[in-house]
Amino acid sequence: MNIYKQTKTGNSQLLLIFSGWAASPEVFRQLETEPDTDLWICYDYRGMDFEGEALSGYRKIRLVAWSLGVWAASVMFGKKPVSFTEAIAVNGTPCPVHDRWGIPETIFRGTLDNVTEEGMRRFNRRMCGKRDILQAYEQIPPRPLADIREELEYLYAEIKKASPASALFNGWTQALISSKDRIFPTENLRAFWQGRCPITEIEAPHYPFYLWKQWNEIWKQ
C-alpha cells in the first residue's frame, strides 16, 4: 500500500481516504480539505502495510473509502481499531466479490482477465458513465498496466480468503450509493447496507467525486 500525505505541522484533524483499485491520488485533485486538516490517500493495494502509521496525534479522524477501498479499510481497521468522527463508504462494501452484496464473481473475474489497454478503456467508460466525466478522468495519467494488474490479482486473492465478519471494521456511519453505478450493482449496495448504517443515494456513476469541490460536502450530504 502506498500513502500520499499532504500534511502541515500543528494540524489536529486527519482526512483518511482509501481509494479504489487502479486509482492514483490525482483522481481526487479537485477536492479541497478543511483548514487544520491533513490529508492521507491510501492507494495501490499490493500489500496492506498500515501498521506503522501513527494516528494518535489527531483530535479528529474522518474516513472516506471508495469502491474496493471499502474492503481494504474494513480489513485494516478490523485489525487496528480507530475511533472515527465519520466513516463513509462510497460505492463499495466489505464483501466486494459477492453475487448479492458486491460485484458478481463472474464480472470481477472478467475484469481481472482483461487488464489491457482496451479493457481499461471499457472499465473507465463504465466507471465514469458520462462522456464529459470520462474525458476529464482520462486526462489523469494512468498507472502502469502491469502495476494495476498485479494489484487486482493481489486484491482478488486476499478477498477470496474471506476474513470472518467479526474480524472486519463495522463502524461505518454512512453509505453513499450511486444510482447509476455500473461497477458495483446499485441493488447489491442497497442490499448490503440496508439496516447497517444510514444510506444516502446520489445520482452519479461509480466515480462520483466530480460532484464536489470540497471533501466536507461528502459528509454533509
# chains A, B, ... in the order shown; residues from 1 in each chain; ligands from 1

call {"tool": "residues_around", "arguments": {"residues": "Gln174 of chain A", "least_positions_apart": "6", "cutoff": "6 Å", "atoms": "only C-alpha atoms", "output": "MDAnalysis selection string"}}
result
chainID A and resid 88 197:199

call {"tool": "write_last_selection", "arguments": {"atoms": "N, CA, C and O atoms", "output": "CSV table (one decimal), in the first residue's frame"}}
result
chain,number,residue,atom,x,y,z
A,88,ILE,N,-17.2,6.9,6.1
A,88,ILE,CA,-18.2,6.9,5.0
A,88,ILE,C,-17.7,5.9,3.9
A,88,ILE,O,-16.6,6.0,3.4
A,197,CYS,N,-26.2,0.9,8.4
A,197,CYS,CA,-25.9,2.3,8.6
A,197,CYS,C,-26.8,3.2,7.7
A,197,CYS,O,-27.4,2.7,6.8
A,198,PRO,N,-26.9,4.5,8.0
A,198,PRO,CA,-27.7,5.4,7.1
A,198,PRO,C,-27.2,5.3,5.7
A,198,PRO,O,-26.0,5.3,5.5
A,199,ILE,N,-28.1,5.4,4.7
A,199,ILE,CA,-27.8,5.3,3.3
A,199,ILE,C,-28.2,6.7,2.7
A,199,ILE,O,-29.3,7.2,2.9

call {"tool": "residues_around", "arguments": {"residues": "Arg125 of chain A", "least_positions_apart": "5", "cutoff": "12 Å", "atoms": "only C-alpha atoms", "output": "list in words"}}
result
Glu118, Gly119, Met120, Lys130, Arg131, Asp132, Ile133, Leu134, Gln135, Ala136, Tyr137, Glu138, Asp181, Arg182, Ile183, Pro205, His206 and Tyr207 of chain A

call {"tool": "closest_residue", "arguments": {"among": "A:Trp193, A:Tyr154, A:Ala54, A:Ala22", "to": "Val115 of chain A", "atoms": "only C-alpha atoms"}}
result
A:Ala22

call {"tool": "residues_around", "arguments": {"residues": "Thr7 of chain A", "least_positions_apart": "3", "cutoff": "12 Å", "atoms": "only C-alpha atoms", "output": "list in words"}}
result
Ile3, Tyr4, Gly10, Asn11, Ser12, Gln13, Leu14, Leu15, Leu16, Thr33, Pro35, Asp36, Thr37, Asp38, Leu39, Trp40, Ile41 and Tyr58 of chain A

call {"tool": "closest_residue", "arguments": {"among": "A:Gln194, A:Asn2, A:Gln214, A:Ser67", "to": "Met127 of chain A", "atoms": "only C-alpha atoms"}}
result
A:Ser67

call {"tool": "closest_atom_pairs", "arguments": {"of": "segment 28-68 of chain A", "to": "segment 155-165 of chain A", "cutoff": "10 Å", "atoms": "only C-alpha atoms", "output": "CSV"}}
result
residue,atom,partner,partner_atom,distance
A:Asp44,CA,A:Leu155,CA,10.0
A:Tyr45,CA,A:Leu155,CA,7.0
A:Arg46,CA,A:Leu155,CA,7.4
A:Gly47,CA,A:Leu155,CA,8.7
A:Met48,CA,A:Leu155,CA,9.8
A:Leu68,CA,A:Leu155,CA,8.5

call {"tool": "write_last_selection", "arguments": {"atoms": "C-alpha atoms", "output": "PDB file, in the first residue's frame"}}
result
ATOM      1  CA  ASP A  44      -2.060   0.743  -4.760  1.00  0.00           C
ATOM      2  CA  TYR A  45      -3.110  -2.246  -2.678  1.00  0.00           C
ATOM      3  CA  ARG A  46      -0.273  -4.619  -3.500  1.00  0.00           C
ATOM      4  CA  GLY A  47       0.164  -5.117   0.213  1.00  0.00           C
ATOM      5  CA  MET A  48      -1.707  -3.951   3.286  1.00  0.00           C
ATOM      6  CA  LEU A  68     -12.528  -1.680  -3.237  1.00  0.00           C
TER       7      LEU A  68
END

call {"tool": "atom_distance", "arguments": {"atom1": "atom CA of Thr200 of chain A", "atom2": "atom CA of Trp215 of chain A"}}
result
15.9 Å

call {"tool": "closest_residue", "arguments": {"among": "A:Pro141, A:Glu105, A:Val82, A:Pro96", "to": "Ser24 of chain A", "atoms": "only C-alpha atoms"}}
result
A:Pro141

call {"tool": "closest_residue", "arguments": {"among": "A:Val70, A:Cys42, A:Ile107, A:Asn114", "to": "Cys95 of chain A", "atoms": "only C-alpha atoms"}}
result
A:Val70

call {"tool": "atom_distance", "arguments": {"atom1": "atom CA of Arg190 of chain A", "atom2": "atom CA of Ala175 of chain A"}}
result
9.1 Å

call {"tool": "closest_residue", "arguments": {"among": "A:Cys128, A:Leu211, A:Val27, A:Leu112", "to": "Arg149 of chain A", "atoms": "only C-alpha atoms"}}
result
A:Leu112

call {"tool": "select_by_dssp", "arguments": {"residues": "segment 17-220 of chain A", "states": "alpha helix (DSSP H)", "output": "PyMOL selection string"}}
result
chain A and resi 68-79+105-112+117-128+131-137+145-160+186-193+216-219

call {"tool": "write_last_selection", "arguments": {"atoms": "C-alpha atoms", "output": "compact mmCIF listing (two decimals), in the first residue's frame"}}
result
# COMPACT_ATOMS: atom_id res chain seq x y z
CA LEU A 68 -12.53 -1.68 -3.24
CA GLY A 69 -11.10 0.76 -0.70
CA VAL A 70 -14.16 -0.03 1.45
CA TRP A 71 -12.96 -3.63 1.71
CA ALA A 72 -9.36 -2.52 2.35
CA ALA A 73 -10.41 -0.18 5.16
CA SER A 74 -12.73 -2.82 6.63
CA VAL A 75 -9.84 -5.28 6.86
CA MET A 76 -7.33 -2.71 8.07
CA PHE A 77 -9.42 -1.24 10.88
CA GLY A 78 -10.76 -4.58 11.97
CA LYS A 79 -7.14 -5.31 12.95
CA GLU A 105 -17.75 -13.07 -9.24
CA THR A 106 -18.05 -13.69 -12.99
CA ILE A 107 -17.86 -9.93 -13.62
CA PHE A 108 -14.94 -9.47 -11.24
CA ARG A 109 -13.08 -12.33 -12.90
CA GLY A 110 -13.83 -10.83 -16.31
CA THR A 111 -12.20 -7.56 -15.24
CA LEU A 112 -9.22 -9.43 -13.83
CA GLU A 117 -5.36 -1.02 -22.56
CA GLU A 118 -8.68 -1.75 -24.26
CA GLY A 119 -10.02 -3.47 -21.14
CA MET A 120 -9.24 -0.40 -19.03
CA ARG A 121 -10.91 1.89 -21.57
CA ARG A 122 -14.08 -0.19 -21.21
CA PHE A 123 -13.77 -0.21 -17.42
CA ASN A 124 -13.30 3.57 -17.30
CA ARG A 125 -16.36 4.10 -19.51
CA ARG A 126 -18.49 2.06 -17.11
CA MET A 127 -16.96 3.75 -14.09
CA CYS A 128 -17.44 7.34 -15.34
CA ARG A 131 -18.61 11.27 -21.78
CA ASP A 132 -17.53 14.56 -20.20
CA ILE A 133 -16.66 12.84 -16.91
CA LEU A 134 -14.70 10.18 -18.81
CA GLN A 135 -12.80 12.81 -20.79
CA ALA A 136 -11.81 14.62 -17.59
CA TYR A 137 -10.85 11.36 -15.89
CA LEU A 145 -0.86 -1.65 -16.59
CA ALA A 146 1.50 -4.17 -15.01
CA ASP A 147 1.07 -2.48 -11.63
CA ILE A 148 -2.72 -2.38 -11.67
CA ARG A 149 -2.94 -5.95 -12.97
CA GLU A 150 -0.75 -7.09 -10.08
CA GLU A 151 -2.83 -5.02 -7.68
CA LEU A 152 -6.11 -6.61 -8.79
CA GLU A 153 -4.60 -10.09 -8.61
CA TYR A 154 -3.46 -9.38 -5.05
CA LEU A 155 -6.86 -7.97 -4.07
CA TYR A 156 -8.74 -10.92 -5.54
CA ALA A 157 -6.55 -13.43 -3.72
CA GLU A 158 -6.93 -11.58 -0.40
CA ILE A 159 -10.67 -11.08 -0.78
CA LYS A 160 -11.16 -14.79 -1.52
CA THR A 186 -26.69 -0.48 -7.08
CA GLU A 187 -29.15 -3.11 -5.84
CA ASN A 188 -26.25 -5.06 -4.28
CA LEU A 189 -25.01 -1.95 -2.49
CA ARG A 190 -28.50 -1.33 -1.14
CA ALA A 191 -28.86 -4.97 -0.08
CA PHE A 192 -25.65 -4.89 1.94
CA TRP A 193 -26.01 -1.51 3.66
CA ASN A 216 -16.67 18.14 3.57
CA GLU A 217 -19.54 18.16 1.05
CA ILE A 218 -19.45 14.36 1.20
CA TRP A 219 -20.34 14.01 4.88

call {"tool": "atom_distance", "arguments": {"atom1": "atom CA of Ile17 of chain A", "atom2": "atom CA of Ile61 of chain A"}}
result
10.5 Å

call {"tool": "select_by_dssp", "arguments": {"residues": "segment 2-211 of chain A", "states": "strand (DSSP E or B)", "output": "PyMOL selection string"}}
result
chain A and resi 2-6+13-18+32+37-43+60-66+86-90+97+103+174-178+199-202

call {"tool": "write_last_selection", "arguments": {"atoms": "N, CA and C atoms", "output": "short mmCIF file (atom, residue, chain, number, x, y, z; two decimals), in the first residue's frame"}}
result
data_model
loop_
_atom_site.label_atom_id
_atom_site.label_comp_id
_atom_site.auth_asym_id
_atom_site.auth_seq_id
_atom_site.Cartn_x
_atom_site.Cartn_y
_atom_site.Cartn_z
N ASN A 2 0.51 2.20 -0.84
CA ASN A 2 1.16 3.50 -0.82
C ASN A 2 0.24 4.50 -0.14
N ILE A 3 0.85 5.52 0.47
CA ILE A 3 0.06 6.58 1.11
C ILE A 3 0.62 7.93 0.70
N TYR A 4 -0.20 8.70 0.00
CA TYR A 4 0.14 10.08 -0.32
C TYR A 4 -0.26 10.94 0.87
N LYS A 5 0.65 11.78 1.35
CA LYS A 5 0.38 12.59 2.53
C LYS A 5 0.55 14.07 2.23
N GLN A 6 -0.48 14.81 2.58
CA GLN A 6 -0.45 16.27 2.49
C GLN A 6 -0.64 16.77 3.92
N GLN A 13 -6.59 17.62 12.72
CA GLN A 13 -7.57 16.73 12.11
C GLN A 13 -6.94 16.01 10.91
N LEU A 14 -7.44 14.80 10.67
CA LEU A 14 -6.95 14.00 9.55
C LEU A 14 -8.14 13.52 8.72
N LEU A 15 -8.02 13.68 7.42
CA LEU A 15 -8.95 13.08 6.48
C LEU A 15 -8.22 11.92 5.82
N LEU A 16 -8.69 10.71 6.06
CA LEU A 16 -8.05 9.49 5.60
C LEU A 16 -8.89 8.89 4.48
N ILE A 17 -8.31 8.81 3.28
CA ILE A 17 -9.01 8.32 2.11
C ILE A 17 -8.46 6.95 1.72
N PHE A 18 -9.34 5.98 1.51
CA PHE A 18 -8.96 4.70 0.93
C PHE A 18 -9.51 4.68 -0.49
N GLU A 32 -10.87 20.01 -2.06
CA GLU A 32 -10.11 20.76 -1.07
C GLU A 32 -10.46 20.28 0.33
N THR A 37 -6.58 20.54 8.65
CA THR A 37 -6.80 19.14 8.31
C THR A 37 -5.70 18.61 7.41
N ASP A 38 -5.06 17.53 7.84
CA ASP A 38 -4.12 16.80 6.98
C ASP A 38 -4.90 15.83 6.10
N LEU A 39 -4.29 15.48 4.98
CA LEU A 39 -4.92 14.55 4.03
C LEU A 39 -3.97 13.40 3.75
N TRP A 40 -4.46 12.17 3.97
CA TRP A 40 -3.73 10.97 3.56
C TRP A 40 -4.61 10.22 2.56
N ILE A 41 -4.02 9.79 1.46
CA ILE A 41 -4.75 9.00 0.47
C ILE A 41 -4.03 7.66 0.30
N CYS A 42 -4.70 6.59 0.67
CA CYS A 42 -4.15 5.24 0.52
C CYS A 42 -4.55 4.69 -0.84
N TYR A 43 -3.59 4.07 -1.53
CA TYR A 43 -3.85 3.54 -2.87
C TYR A 43 -2.81 2.47 -3.18
N LYS A 60 -9.37 14.61 15.57
CA LYS A 60 -10.49 14.05 14.80
C LYS A 60 -9.94 13.36 13.56
N ILE A 61 -10.50 12.21 13.25
CA ILE A 61 -10.13 11.49 12.03
C ILE A 61 -11.41 11.12 11.29
N ARG A 62 -11.47 11.52 10.04
CA ARG A 62 -12.58 11.12 9.18
C ARG A 62 -12.06 10.14 8.14
N LEU A 63 -12.86 9.12 7.90
CA LEU A 63 -12.52 8.09 6.92
C LEU A 63 -13.50 8.14 5.76
N VAL A 64 -12.98 8.23 4.55
CA VAL A 64 -13.80 8.09 3.34
C VAL A 64 -13.17 7.00 2.49
N ALA A 65 -13.91 5.93 2.25
CA ALA A 65 -13.40 4.81 1.45
C ALA A 65 -14.28 4.63 0.23
N TRP A 66 -13.63 4.37 -0.89
CA TRP A 66 -14.35 4.27 -2.16
C TRP A 66 -14.08 2.92 -2.82
N GLU A 86 -16.31 10.39 11.46
CA GLU A 86 -17.20 9.83 10.45
C GLU A 86 -16.44 8.74 9.71
N ALA A 87 -17.17 7.74 9.25
CA ALA A 87 -16.59 6.70 8.41
C ALA A 87 -17.59 6.43 7.29
N ILE A 88 -17.24 6.87 6.08
CA ILE A 88 -18.20 6.89 4.98
C ILE A 88 -17.74 5.93 3.88
N ALA A 89 -18.61 5.02 3.52
CA ALA A 89 -18.34 4.07 2.44
C ALA A 89 -19.02 4.57 1.17
N VAL A 90 -18.23 4.74 0.12
CA VAL A 90 -18.75 5.27 -1.15
C VAL A 90 -18.69 4.18 -2.21
N VAL A 97 -16.48 -9.18 -3.67
CA VAL A 97 -16.70 -10.24 -4.65
C VAL A 97 -17.84 -11.10 -4.11
N ILE A 103 -19.61 -7.13 -6.23
CA ILE A 103 -19.51 -7.36 -7.67
C ILE A 103 -19.65 -8.86 -7.91
N GLN A 174 -22.02 6.06 7.48
CA GLN A 174 -22.85 6.42 6.33
C GLN A 174 -22.38 5.65 5.11
N ALA A 175 -23.33 5.28 4.27
CA ALA A 175 -23.01 4.68 2.96
C ALA A 175 -23.58 5.58 1.88
N LEU A 176 -22.73 5.98 0.94
CA LEU A 176 -23.16 6.71 -0.24
C LEU A 176 -23.26 5.73 -1.40
N ILE A 177 -24.40 5.73 -2.06
CA ILE A 177 -24.66 4.79 -3.15
C ILE A 177 -25.05 5.57 -4.40
N SER A 178 -24.37 5.31 -5.50
CA SER A 178 -24.71 5.95 -6.77
C SER A 178 -25.81 5.17 -7.48
N ILE A 199 -28.10 5.37 4.73
CA ILE A 199 -27.76 5.34 3.31
C ILE A 199 -28.19 6.66 2.67
N THR A 200 -27.31 7.22 1.85
CA THR A 200 -27.65 8.36 1.02
C THR A 200 -27.44 7.96 -0.43
N GLU A 201 -28.48 8.09 -1.24
CA GLU A 201 -28.36 7.78 -2.66
C GLU A 201 -28.14 9.06 -3.46
N ILE A 202 -27.21 9.01 -4.40
CA ILE A 202 -26.89 10.16 -5.23
C ILE A 202 -27.01 9.75 -6.70
#

call {"tool": "closest_residue", "arguments": {"among": "A:Gly20, A:Gly57, A:Pro185, A:Pro144", "to": "Trp101 of chain A", "atoms": "only C-alpha atoms"}}
result
A:Pro185
